[in-house]
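Participant: Provided herewith: entry.txt, compact mmCIF, C-alpha atoms.
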# COMPACT_ATOMS: atom_id res chain seq x y z
CA MET V 15 0.00 0.00 0.00
CA PRO V 16 1.63 3.30 -1.03
CA ALA V 17 2.53 5.98 1.47
CA VAL V 18 1.33 8.79 -0.78
CA ARG V 19 -2.38 9.52 -0.36
CA THR V 20 -5.04 11.75 -1.81
CA THR V 21 -7.83 13.41 0.13
CA ARG V 22 -10.23 10.86 -1.39
CA THR V 23 -8.46 8.04 0.43
CA VAL V 24 -7.53 9.86 3.63
CA LEU V 25 -10.75 9.32 5.56
CA ALA V 26 -11.69 6.13 3.77
CA ALA V 27 -8.36 4.36 4.08
CA VAL V 28 -7.86 1.36 6.31
CA LEU V 29 -4.59 2.84 7.52
CA VAL V 30 -3.12 6.31 7.74
CA ALA V 31 -0.06 7.16 5.68
CA GLY V 32 2.34 7.19 8.57
CA LEU V 33 1.55 3.59 9.32
CA THR V 34 1.72 2.33 5.76
CA GLY V 35 4.74 4.44 5.00
CA THR V 36 6.62 3.00 7.93
CA ALA V 37 5.65 -0.52 6.97
CA LEU V 38 7.30 -0.02 3.59
CA ALA V 39 10.41 1.70 4.91
CA THR V 40 13.76 -0.08 4.85
CA PRO V 41 15.36 0.06 8.32
CA ALA V 42 18.55 2.09 8.23
CA LEU V 43 19.75 1.31 11.74
CA ALA V 44 20.05 -1.71 13.98
CA ALA V 45 17.09 -2.68 16.13
CA ASP V 46 18.49 -1.09 19.28
CA ALA V 47 19.55 2.20 17.68
CA PRO V 48 18.68 5.25 19.83
CA ALA V 49 17.04 8.38 18.49
CA THR V 50 19.46 11.23 17.86
CA SER V 51 19.58 13.78 20.68
CA ASP V 52 19.56 16.76 18.31
CA HIS V 53 16.64 15.47 16.18
CA THR V 54 18.83 15.61 13.07
CA ALA V 55 17.00 12.69 11.46
CA THR V 56 13.62 14.24 12.21
CA ARG V 57 14.68 17.52 10.63
CA ALA V 58 15.82 15.62 7.55
CA ALA V 59 12.49 13.77 7.34
CA LEU V 60 10.53 17.05 7.45
CA GLN V 61 12.73 18.51 4.72
CA ALA V 62 12.33 15.34 2.65
CA ALA V 63 8.56 15.83 2.76
CA VAL V 64 8.92 19.39 1.48
CA ASP V 65 11.35 18.22 -1.19
CA ALA V 66 8.67 15.71 -2.26
CA GLY V 67 6.16 18.53 -2.78
CA VAL V 68 4.56 19.16 0.61
CA PRO V 69 4.28 22.96 0.96
CA GLY V 70 4.89 22.92 4.70
CA ALA V 71 5.65 20.49 7.52
CA VAL V 72 5.81 20.86 11.30
CA ALA V 73 6.73 18.41 14.04
CA GLN V 74 7.16 18.70 17.76
CA ALA V 75 8.71 16.11 20.06
CA ARG V 76 9.11 15.74 23.81
CA ASP V 77 11.40 13.35 25.65
CA GLY V 78 13.59 13.26 28.72
CA ARG V 79 15.73 16.05 27.27
CA GLY V 80 12.85 18.49 26.84
CA ALA V 81 10.75 19.77 23.94
CA TRP V 82 11.83 20.35 20.37
CA THR V 83 9.99 21.88 17.40
CA GLY V 84 11.00 21.65 13.75
CA THR V 85 9.50 23.10 10.60
CA ALA V 86 10.17 23.02 6.87
CA GLY V 87 8.60 25.05 4.09
CA GLU V 88 5.43 27.04 4.71
CA ARG V 89 4.77 26.10 8.31
CA GLY V 90 5.02 27.78 11.70
CA GLY V 91 5.96 25.88 14.83
CA ASN V 92 2.73 26.88 16.60
CA ASP V 93 0.41 26.36 13.65
CA ARG V 94 -3.01 24.87 14.28
CA TYR V 95 -4.35 22.33 11.82
CA ARG V 96 -7.23 19.96 11.18
CA VAL V 97 -6.32 16.63 12.77
CA GLY V 98 -8.79 14.36 10.96
CA SER V 99 -9.13 10.90 12.49
CA ILE V 100 -7.07 11.76 15.56
CA THR V 101 -10.52 12.97 16.67
CA LYS V 102 -11.37 9.28 17.15
CA THR V 103 -9.11 8.91 20.19
CA PHE V 104 -10.85 11.84 21.89
CA VAL V 105 -14.28 10.32 21.20
CA ALA V 106 -13.26 6.86 22.41
CA THR V 107 -11.83 8.39 25.59
CA VAL V 108 -15.14 10.11 26.34
CA LEU V 109 -17.11 6.88 25.86
CA LEU V 110 -14.72 4.98 28.14
CA GLN V 111 -15.13 7.71 30.76
CA LEU V 112 -18.90 7.36 30.52
CA GLN V 113 -18.57 3.61 31.00
CA ALA V 114 -16.39 4.15 34.07
CA GLU V 115 -19.16 6.35 35.48
CA GLY V 116 -21.74 3.63 34.87
CA ARG V 117 -23.68 5.65 32.32
CA LEU V 118 -23.29 3.07 29.55
CA ASP V 119 -21.56 -0.21 28.84
CA LEU V 120 -19.39 -0.62 25.76
CA ASP V 121 -21.06 -3.97 25.25
CA ASP V 122 -24.46 -2.32 24.95
CA PRO V 123 -26.03 -2.85 21.54
CA VAL V 124 -26.01 0.30 19.43
CA GLU V 125 -29.78 -0.12 19.12
CA LYS V 126 -30.16 0.67 22.84
CA TRP V 127 -28.88 4.20 22.31
CA LEU V 128 -29.75 4.81 18.66
CA PRO V 129 -32.97 2.87 18.02
CA GLY V 130 -33.68 2.31 14.34
CA VAL V 131 -30.59 4.22 13.13
CA VAL V 132 -28.41 1.27 12.06
CA ARG V 133 -30.81 -0.54 9.76
CA GLY V 134 -30.88 -1.41 6.09
CA ASN V 135 -29.20 -3.71 3.58
CA GLY V 136 -28.15 -6.14 6.27
CA HIS V 137 -27.08 -3.62 8.91
CA ASP V 138 -28.66 -4.26 12.30
CA GLY V 139 -27.84 -2.13 15.34
CA ARG V 140 -29.27 -4.86 17.59
CA ARG V 141 -26.28 -7.06 16.72
CA ILE V 142 -23.57 -4.39 16.94
CA THR V 143 -22.04 -3.17 20.20
CA VAL V 144 -20.58 0.23 21.02
CA ARG V 145 -17.21 -1.50 21.51
CA GLN V 146 -17.35 -2.82 17.95
CA LEU V 147 -17.81 0.72 16.71
CA LEU V 148 -14.69 1.83 18.56
CA ASN V 149 -12.41 -1.00 17.41
CA HIS V 150 -13.81 -1.18 13.84
CA THR V 151 -15.15 -4.71 14.09
CA SER V 152 -18.79 -3.70 13.51
CA GLY V 153 -18.77 -4.36 9.77
CA VAL V 154 -20.66 -1.08 9.21
CA TYR V 155 -19.97 0.34 5.75
CA SER V 156 -17.87 3.53 5.74
CA VAL V 157 -19.69 6.58 4.43
CA THR V 158 -16.44 7.87 2.95
CA SER V 159 -16.32 4.83 0.64
CA ASP V 160 -19.60 5.79 -1.02
CA PRO V 161 -18.83 6.83 -4.63
CA GLY V 162 -21.36 9.65 -4.66
CA PHE V 163 -20.07 11.06 -1.38
CA GLN V 164 -16.49 10.80 -2.63
CA GLU V 165 -17.30 12.66 -5.84
CA LYS V 166 -19.06 15.47 -4.02
CA ILE V 167 -16.75 15.82 -1.04
CA PHE V 168 -13.28 14.64 -2.05
CA GLY V 169 -13.16 15.32 -5.78
CA PRO V 170 -13.55 18.55 -7.78
CA GLY V 171 -17.13 18.74 -6.48
CA PHE V 172 -15.64 19.87 -3.17
CA LEU V 173 -15.21 23.39 -4.53
CA GLU V 174 -18.98 23.64 -4.97
CA HIS V 175 -19.97 21.76 -1.83
CA ARG V 176 -17.23 22.73 0.63
CA TYR V 177 -19.67 24.67 2.86
CA ASP V 178 -22.56 22.21 2.76
CA ARG V 179 -23.81 21.20 6.19
CA TRP V 180 -24.34 17.51 6.91
CA THR V 181 -26.13 15.99 9.86
CA PRO V 182 -24.71 12.83 11.45
CA ARG V 183 -27.90 11.01 10.50
CA GLN V 184 -27.40 11.97 6.84
CA LEU V 185 -23.91 10.47 6.92
CA VAL V 186 -25.18 7.27 8.51
CA ASP V 187 -28.08 7.00 6.08
CA ILE V 188 -25.65 7.08 3.14
CA ALA V 189 -23.73 4.18 4.68
CA MET V 190 -26.96 2.25 5.20
CA THR V 191 -27.60 2.20 1.44
CA HIS V 192 -24.73 -0.31 1.19
CA ALA V 193 -24.33 -3.83 2.54
CA PRO V 194 -22.12 -4.33 5.61
CA ASP V 195 -18.48 -5.26 5.08
CA PHE V 196 -18.96 -8.38 7.23
CA ALA V 197 -21.08 -9.71 10.09
CA PRO V 198 -20.41 -7.91 13.40
CA GLY V 199 -17.35 -9.24 15.19
CA THR V 200 -16.12 -11.41 12.33
CA GLY V 201 -13.58 -9.06 10.75
CA TRP V 202 -11.80 -5.71 10.92
CA ASN V 203 -12.27 -2.76 8.60
CA TYR V 204 -11.69 0.93 9.20
CA SER V 205 -15.03 2.69 8.90
CA ASN V 206 -15.65 6.36 9.53
CA THR V 207 -19.34 5.61 10.03
CA ASN V 208 -18.37 3.80 13.24
CA TYR V 209 -17.26 7.07 14.81
CA VAL V 210 -20.14 9.08 13.43
CA LEU V 211 -22.30 6.63 15.35
CA ALA V 212 -20.01 6.84 18.39
CA GLY V 213 -20.47 10.61 18.49
CA MET V 214 -24.22 10.15 18.26
CA VAL V 215 -24.08 7.71 21.21
CA VAL V 216 -22.17 10.29 23.29
CA GLU V 217 -24.89 12.82 22.52
CA LYS V 218 -27.68 10.42 23.46
CA VAL V 219 -26.02 9.50 26.77
CA THR V 220 -25.08 13.04 27.80
CA GLY V 221 -27.95 14.97 26.21
CA ARG V 222 -25.48 17.48 24.74
CA PRO V 223 -23.35 17.79 21.59
CA TYR V 224 -20.45 15.34 21.65
CA GLY V 225 -18.07 18.28 21.24
CA LYS V 226 -19.17 19.65 24.61
CA ALA V 227 -18.26 16.35 26.24
CA VAL V 228 -14.83 16.46 24.60
CA GLU V 229 -14.39 20.05 25.71
CA ASN V 230 -15.50 19.56 29.30
CA ARG V 231 -13.82 16.20 29.87
CA ILE V 232 -10.55 16.58 27.97
CA ILE V 233 -9.84 20.01 26.47
CA LYS V 234 -10.51 22.10 29.60
CA PRO V 235 -8.96 19.78 32.20
CA LEU V 236 -5.77 19.45 30.14
CA LYS V 237 -5.77 23.16 29.23
CA LEU V 238 -5.53 22.41 25.51
CA ARG V 239 -5.71 25.99 24.31
CA ALA V 240 -5.22 25.23 20.61
CA THR V 241 -7.72 22.35 20.46
CA SER V 242 -11.34 22.74 19.38
CA VAL V 243 -14.35 20.93 18.00
CA PRO V 244 -15.44 23.42 15.31
CA GLY V 245 -18.96 22.13 14.66
CA THR V 246 -20.23 24.24 11.76
CA ASP V 247 -17.48 26.89 11.78
CA VAL V 248 -15.67 26.70 8.42
CA ARG V 249 -12.75 28.90 9.48
CA MET V 250 -9.31 27.96 10.74
CA PRO V 251 -8.14 29.71 13.93
CA LYS V 252 -4.82 31.53 13.90
CA PRO V 253 -1.96 30.88 13.80
CA SER V 254 -2.32 28.51 10.88
CA SER V 255 -0.98 27.97 7.37
CA PRO V 256 -3.08 27.21 4.27
CA ALA V 257 -4.07 23.60 3.61
CA TYR V 258 -3.62 22.38 0.04
CA SER V 259 -5.16 19.59 -2.04
CA THR V 260 -5.19 18.46 -5.66
CA LEU V 261 -8.75 17.09 -5.17
CA SER V 262 -7.72 14.34 -7.54
CA GLU V 263 -5.97 11.01 -7.79
CA ASP V 264 -3.55 12.77 -10.15
CA PRO V 265 -0.66 14.21 -8.11
CA ASN V 266 0.06 16.63 -10.96
CA ALA V 267 -3.42 18.14 -10.93
CA GLN V 268 -4.00 21.76 -9.97
CA VAL V 269 -3.44 22.52 -6.30
CA HIS V 270 -6.25 24.23 -4.39
CA ASP V 271 -6.39 26.05 -1.06
CA VAL V 272 -8.88 23.94 0.92
CA SER V 273 -8.38 25.53 4.34
CA ARG V 274 -12.02 26.53 4.74
CA LEU V 275 -14.60 23.74 4.78
CA SER V 276 -17.63 22.50 6.65
CA PRO V 277 -16.41 20.24 9.48
CA THR V 278 -19.78 18.48 9.36
CA ILE V 279 -18.46 16.28 6.54
CA ALA V 280 -16.42 14.47 9.21
CA TYR V 281 -18.25 15.08 12.50
CA ALA V 282 -16.95 12.80 15.29
CA ALA V 283 -14.91 10.77 12.80
CA GLY V 284 -12.51 13.60 12.10
CA GLU V 285 -13.52 17.25 12.57
CA MET V 286 -11.22 18.47 15.35
CA ILE V 287 -8.51 21.14 15.18
CA SER V 288 -5.37 21.19 17.33
CA ASP V 289 -1.62 21.78 17.25
CA SER V 290 1.45 19.64 17.88
CA ASN V 291 1.86 20.77 21.48
CA ASP V 292 -1.72 20.00 22.50
CA LEU V 293 -1.77 16.63 20.74
CA GLN V 294 1.28 15.53 22.67
CA THR V 295 -0.21 16.76 25.93
CA PHE V 296 -3.36 14.73 25.23
CA TYR V 297 -1.66 11.45 24.32
CA ARG V 298 0.88 11.70 27.12
CA ALA V 299 -1.90 12.32 29.66
CA LEU V 300 -3.97 9.47 28.23
CA LEU V 301 -1.14 6.93 28.26
CA LYS V 302 -0.03 7.97 31.75
CA GLY V 303 -3.50 7.21 33.11
CA ARG V 304 -4.69 10.76 33.79
CA LEU V 305 -7.91 10.46 31.76
CA LEU V 306 -9.12 6.91 32.35
CA PRO V 307 -9.20 4.43 35.24
CA ARG V 308 -6.95 1.38 34.91
CA ALA V 309 -9.78 -0.94 33.88
CA GLU V 310 -10.86 1.31 31.01
CA MET V 311 -7.25 1.89 29.99
CA ARG V 312 -6.80 -1.88 29.71
CA GLU V 313 -9.84 -2.04 27.46
CA MET V 314 -8.60 0.81 25.28
CA THR V 315 -5.20 -0.79 24.79
CA ALA V 316 -6.52 -4.29 24.05
CA THR V 317 -5.65 -4.33 20.36
CA LEU V 318 -6.59 -6.43 17.35
CA PRO V 319 -4.40 -7.08 14.28
CA VAL V 320 -5.54 -5.11 11.24
CA SER V 321 -3.85 -6.95 8.38
CA PRO V 322 -1.50 -9.92 7.84
CA GLU V 323 0.49 -7.60 5.59
CA LEU V 324 1.18 -5.28 8.54
CA PRO V 325 2.01 -7.57 11.47
CA GLY V 326 3.44 -4.72 13.53
CA LEU V 327 0.19 -2.77 13.55
CA SER V 328 -2.87 -3.31 15.73
CA TYR V 329 -5.94 -1.29 16.76
CA GLY V 330 -7.58 -0.88 20.16
CA LEU V 331 -10.43 1.47 21.06
CA GLY V 332 -9.61 4.59 19.05
CA LEU V 333 -5.92 3.93 19.65
CA MET V 334 -3.30 2.31 17.41
CA LYS V 335 -0.20 0.38 18.42
CA GLN V 336 2.67 0.28 15.98
CA LYS V 337 6.03 -1.49 16.16
CA LEU V 338 8.74 0.51 14.41
CA SER V 339 11.80 -0.77 12.58
CA CYS V 340 14.02 -0.40 15.65
CA GLY V 341 11.66 -2.47 17.79
CA LYS V 342 10.08 0.43 19.65
CA GLU V 343 6.31 0.45 20.10
CA VAL V 344 4.39 3.68 19.83
CA TRP V 345 0.74 4.37 20.53
CA GLY V 346 -1.46 7.02 18.97
CA HIS V 347 -3.40 7.73 15.82
CA GLY V 348 -3.05 9.37 12.44
CA GLY V 349 -5.54 11.54 10.66
CA GLY V 350 -6.21 13.17 7.36
CA ILE V 351 -8.72 15.58 5.96
CA HIS V 352 -8.60 17.95 3.01
CA GLY V 353 -5.10 19.41 2.76
CA SER V 354 -3.97 18.09 6.12
CA SER V 355 -2.09 14.93 7.14
CA SER V 356 -1.29 14.44 10.82
CA GLU V 357 0.29 11.94 13.19
CA ALA V 358 0.42 11.90 17.01
CA HIS V 359 2.20 9.06 18.85
CA ALA V 360 3.96 8.33 22.12
CA THR V 361 5.69 5.46 23.85
CA ARG V 362 3.43 3.45 26.17
CA ASP V 363 4.81 5.21 29.26
CA GLY V 364 4.17 8.60 27.64
CA ALA V 365 7.81 9.61 28.10
CA HIS V 366 8.63 10.19 24.42
CA SER V 367 6.08 11.71 22.08
CA LEU V 368 5.76 13.22 18.62
CA ALA V 369 3.06 15.11 16.76
CA LEU V 370 3.36 16.31 13.17
CA ASN V 371 1.42 17.74 10.27
CA PHE V 372 1.84 18.17 6.53
CA ASN V 373 -0.36 20.83 4.92
CA ALA V 374 -0.94 18.66 1.84
CA ASP V 375 -2.76 15.41 1.14
CA TRP V 376 -1.25 14.09 -2.09
CA THR V 377 2.41 13.56 -1.21
CA GLY V 378 4.83 13.14 1.69
CA ASP V 379 5.76 10.20 3.93
CA SER V 380 4.82 10.96 7.52
CA GLY V 381 5.94 7.46 8.53
CA SER V 382 9.52 8.46 7.85
CA VAL V 383 9.17 11.23 10.46
CA LEU V 384 8.08 8.67 13.05
CA GLU V 385 11.04 6.44 12.18
CA ALA V 386 13.37 9.43 12.35
CA GLU V 387 12.22 10.62 15.76
CA PHE V 388 11.78 7.32 17.58
CA CYS V 389 14.49 5.25 15.82
CA GLY V 390 16.92 7.81 14.44
CA VAL V 391 16.40 6.56 10.89
CA THR V 392 17.45 9.19 8.36
CA PRO V 393 15.31 9.09 5.19
CA PRO V 394 17.16 8.18 2.01
CA ARG V 395 18.08 11.05 -0.29
Rewrite the coordinates I just gave you, this time as structure tokens.
Facilitator:
Amino acid sequence: MPAVRTTRTVLAAVLVAGLTGTALATPALAADAPATSDHTATRAALQAAVDAGVPGAVAQARDGRGAWTGTAGERGGNDRYRVGSITKTFVATVLLQLQAEGRLDLDDPVEKWLPGVVRGNGHDGRRITVRQLLNHTSGVYSVTSDPGFQEKIFGPGFLEHRYDRWTPRQLVDIAMTHAPDFAPGTGWNYSNTNYVLAGMVVEKVTGRPYGKAVENRIIKPLKLRATSVPGTDVRMPKPSSPAYSTLSEDPNAQVHDVSRLSPTIAYAAGEMISDSNDLQTFYRALLKGRLLPRAEMREMTATLPVSPELPGLSYGLGLMKQKLSCGKEVWGHGGGIHGSSSEAHATRDGAHSLALNFNADWTGDSGSVLEAEFCGVTPPR
């Protein structure tokens, strides 16, 4: 699977580019090689992305030596950006918190909370649990795989429809026009509809927009000043750099500024905005046990393999585990949305973390930045 992606595949892909890119990388160092103390390899990986056509790249890392920020091209170190599917970890965390409070059980059928919503063409919310939404074993078809939705939202039609407002139910209803990918619990497939439904469950349990739960339970307690759930606001907060897309499978197609868009196209599957500092704060706090009790943390980190072709990669509840070329394991998530490709990962103890963003969606290997920071692997010239 290639590391280069287009916006069309970003939300619909089984894996994010950083994961696939790393899987294809040739290890340059021995398995026990340490990361370089001056982040030389990470700087080189950011520059390699810009040399490959990414307009701008930013990464920030924290370890026992302190914090470091690197940029290349048209990017500022404090830039905010759309984080795409990294939103999923926030949503899963909220649902696990609600379970810890006894307000729901992840093994509840989806039908209990969303009666009649998951129905049609073989879909049946009575047979699907909330847990299966979070670990992508529900079999629910992904709305972002629908050809009509792709044409309108990810192709040239985006320019006409970029400000359209979608309700979560509209997104689910599109998915329900297709057959399931498999019977619940019998397979694994990344589906953005799973997290649209998860956001709807949060709203049913709390009686408020899911974004308010994210804000009150995670953003405010952790003082994440650059992180937001934009809802219907099409604008990007400052500081930020433009986001660019070709809106095409052709990497040589015209490049468009796609910074402004309706976040409702992604909802709880990928609408959030953040920066590299906040993302690290979130994942470090999560992995250190500050957001979830031990029992819920064990559930979140109980992972399933995603593909025989990627034996080092597994998925928990909104959280990915990846084994890098040097043997290190990192936990986190990747995310993409129009003109924005992000990664946020940390070691299991939260001691070493990295968050990065490319402001393009048709080129660049974010996996090489992970390998550079955590393994010291310098990308080939």
Participant: Just the residues within 10 Å of Asp119 of chain V, please, counting all atoms listed in the file, with nothing from its chain fewer than 4 positions along; format it as a list of chain:residue names.
Facilitator: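 Everything that qualifies: V:Leu109, V:Leu110, V:Leu112, V:Gln113, V:Ala114, V:Glu115, V:Pro123, V:Thr143, V:Val144, V:Arg145.
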Participant: For Met190 of chain V, which residue out of V:Arg231, V:Leu147, V:Thr207, V:Arg133 is the nearest one, using only C-alpha atoms?
Facilitator: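 For Met190 of chain V, the nearest of the candidates is V:Arg133.
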Participant: Please, what distance in Å, to one decimal, runs between atom CA of Leu185 of chain V and atom CA of Met314 of chain V?
Facilitator: 25.8 Å
Participant: Find, counting all atoms listed in the file, the residue in V:Leu370, V:Val215, V:Met334, V:Ile232 that gets nearest to Trp127 of chain V.
Facilitator: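 Among the listed residues, the smallest separation from Trp127 of chain V belongs to V:Val215.
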Participant: Taking only C-alpha atoms into account, produce a table as CSV in which each residue of segment 251-303 of chain V with an atom at most 10 Å from an atom of segment 170-175 of chain V appears once, together with its shortest atom pair and the distance in Å to one decimal, ordered by chain and rising number.
Facilitator:
residue,atom,partner,partner_atom,distance
V:Thr260,CA,V:Pro170,CA,8.6
V:Leu261,CA,V:Pro170,CA,5.7
V:Ser262,CA,V:Pro170,CA,7.2
V:His270,CA,V:Leu173,CA,9.0
V:Asp271,CA,V:Leu173,CA,9.8
V:Val272,CA,V:Leu173,CA,8.4
V:Leu275,CA,V:His175,CA,8.7
V:Ser276,CA,V:His175,CA,8.8
Participant: Can you work out the spacing between atom CA of Gly348 of chain V and atom CA of Arg96 of chain V in Å, to one decimal?
Facilitator: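 Atom CA of Arg96 of chain V lies at a distance of 11.5 Å from atom CA of Gly348 of chain V.
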Participant: Do you know which residues are at most 10 Å from Glu313 of chain V counting all atoms listed in the file, after dropping those on the same chain fewer than 3 positions away, and could you put them as a ChimeraX atom specification?
Facilitator: /V:110,120,145,308-310,316-317,330-331
Participant: Using only C-alpha atoms, can you tell me which of V:Arg304, V:Arg239, V:Arg298, V:Arg89 comes closest to Ser254 of chain V?
Facilitator: V:Arg89
Participant: Enter the distance from atom CA of Ala369 of chain V to atom CA of Gln294 of chain V, in Å, rounded to one decimal.
Facilitator: 6.2 Å
Participant: Return the single residue from V:Thr54, V:Lys102, V:Asp93, V:Thr377 that is closest to Pro265 of chain V, with distances computed using all atoms listed in the file.
Facilitator: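 Checking each candidate against Pro265 of chain V, we get V:Thr377 as the closest.
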Participant: Check the smallest atom-to-atom distance from each of V:Ser380, V:Ser205, V:Ser355, V:Thr200 to Leu318 of chain V using all atoms listed in the file, then report the winner.
Facilitator: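 Closest residue, counting all atoms listed in the file: V:Thr200.
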Participant: Please report, as JSON, the centre and edge lengths in Å to one decimal of an axis-aligned box covering all listed atoms of segment 91-102 of chain V with 6 Å per side.
Facilitator:
{"center_x": -2.7, "center_y": 18.1, "center_z": 14.1, "size_x": 29.3, "size_y": 29.6, "size_z": 18.2}
Participant: Between V:Lys126, V:Lys237, V:Gly390, V:Asp289, single out the one closest to Ser339 of chain V, counting all atoms listed in the file.
Facilitator: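 Among V:Lys126, V:Lys237, V:Gly390, V:Asp289, it is V:Gly390 that comes nearest to Ser339 of chain V.
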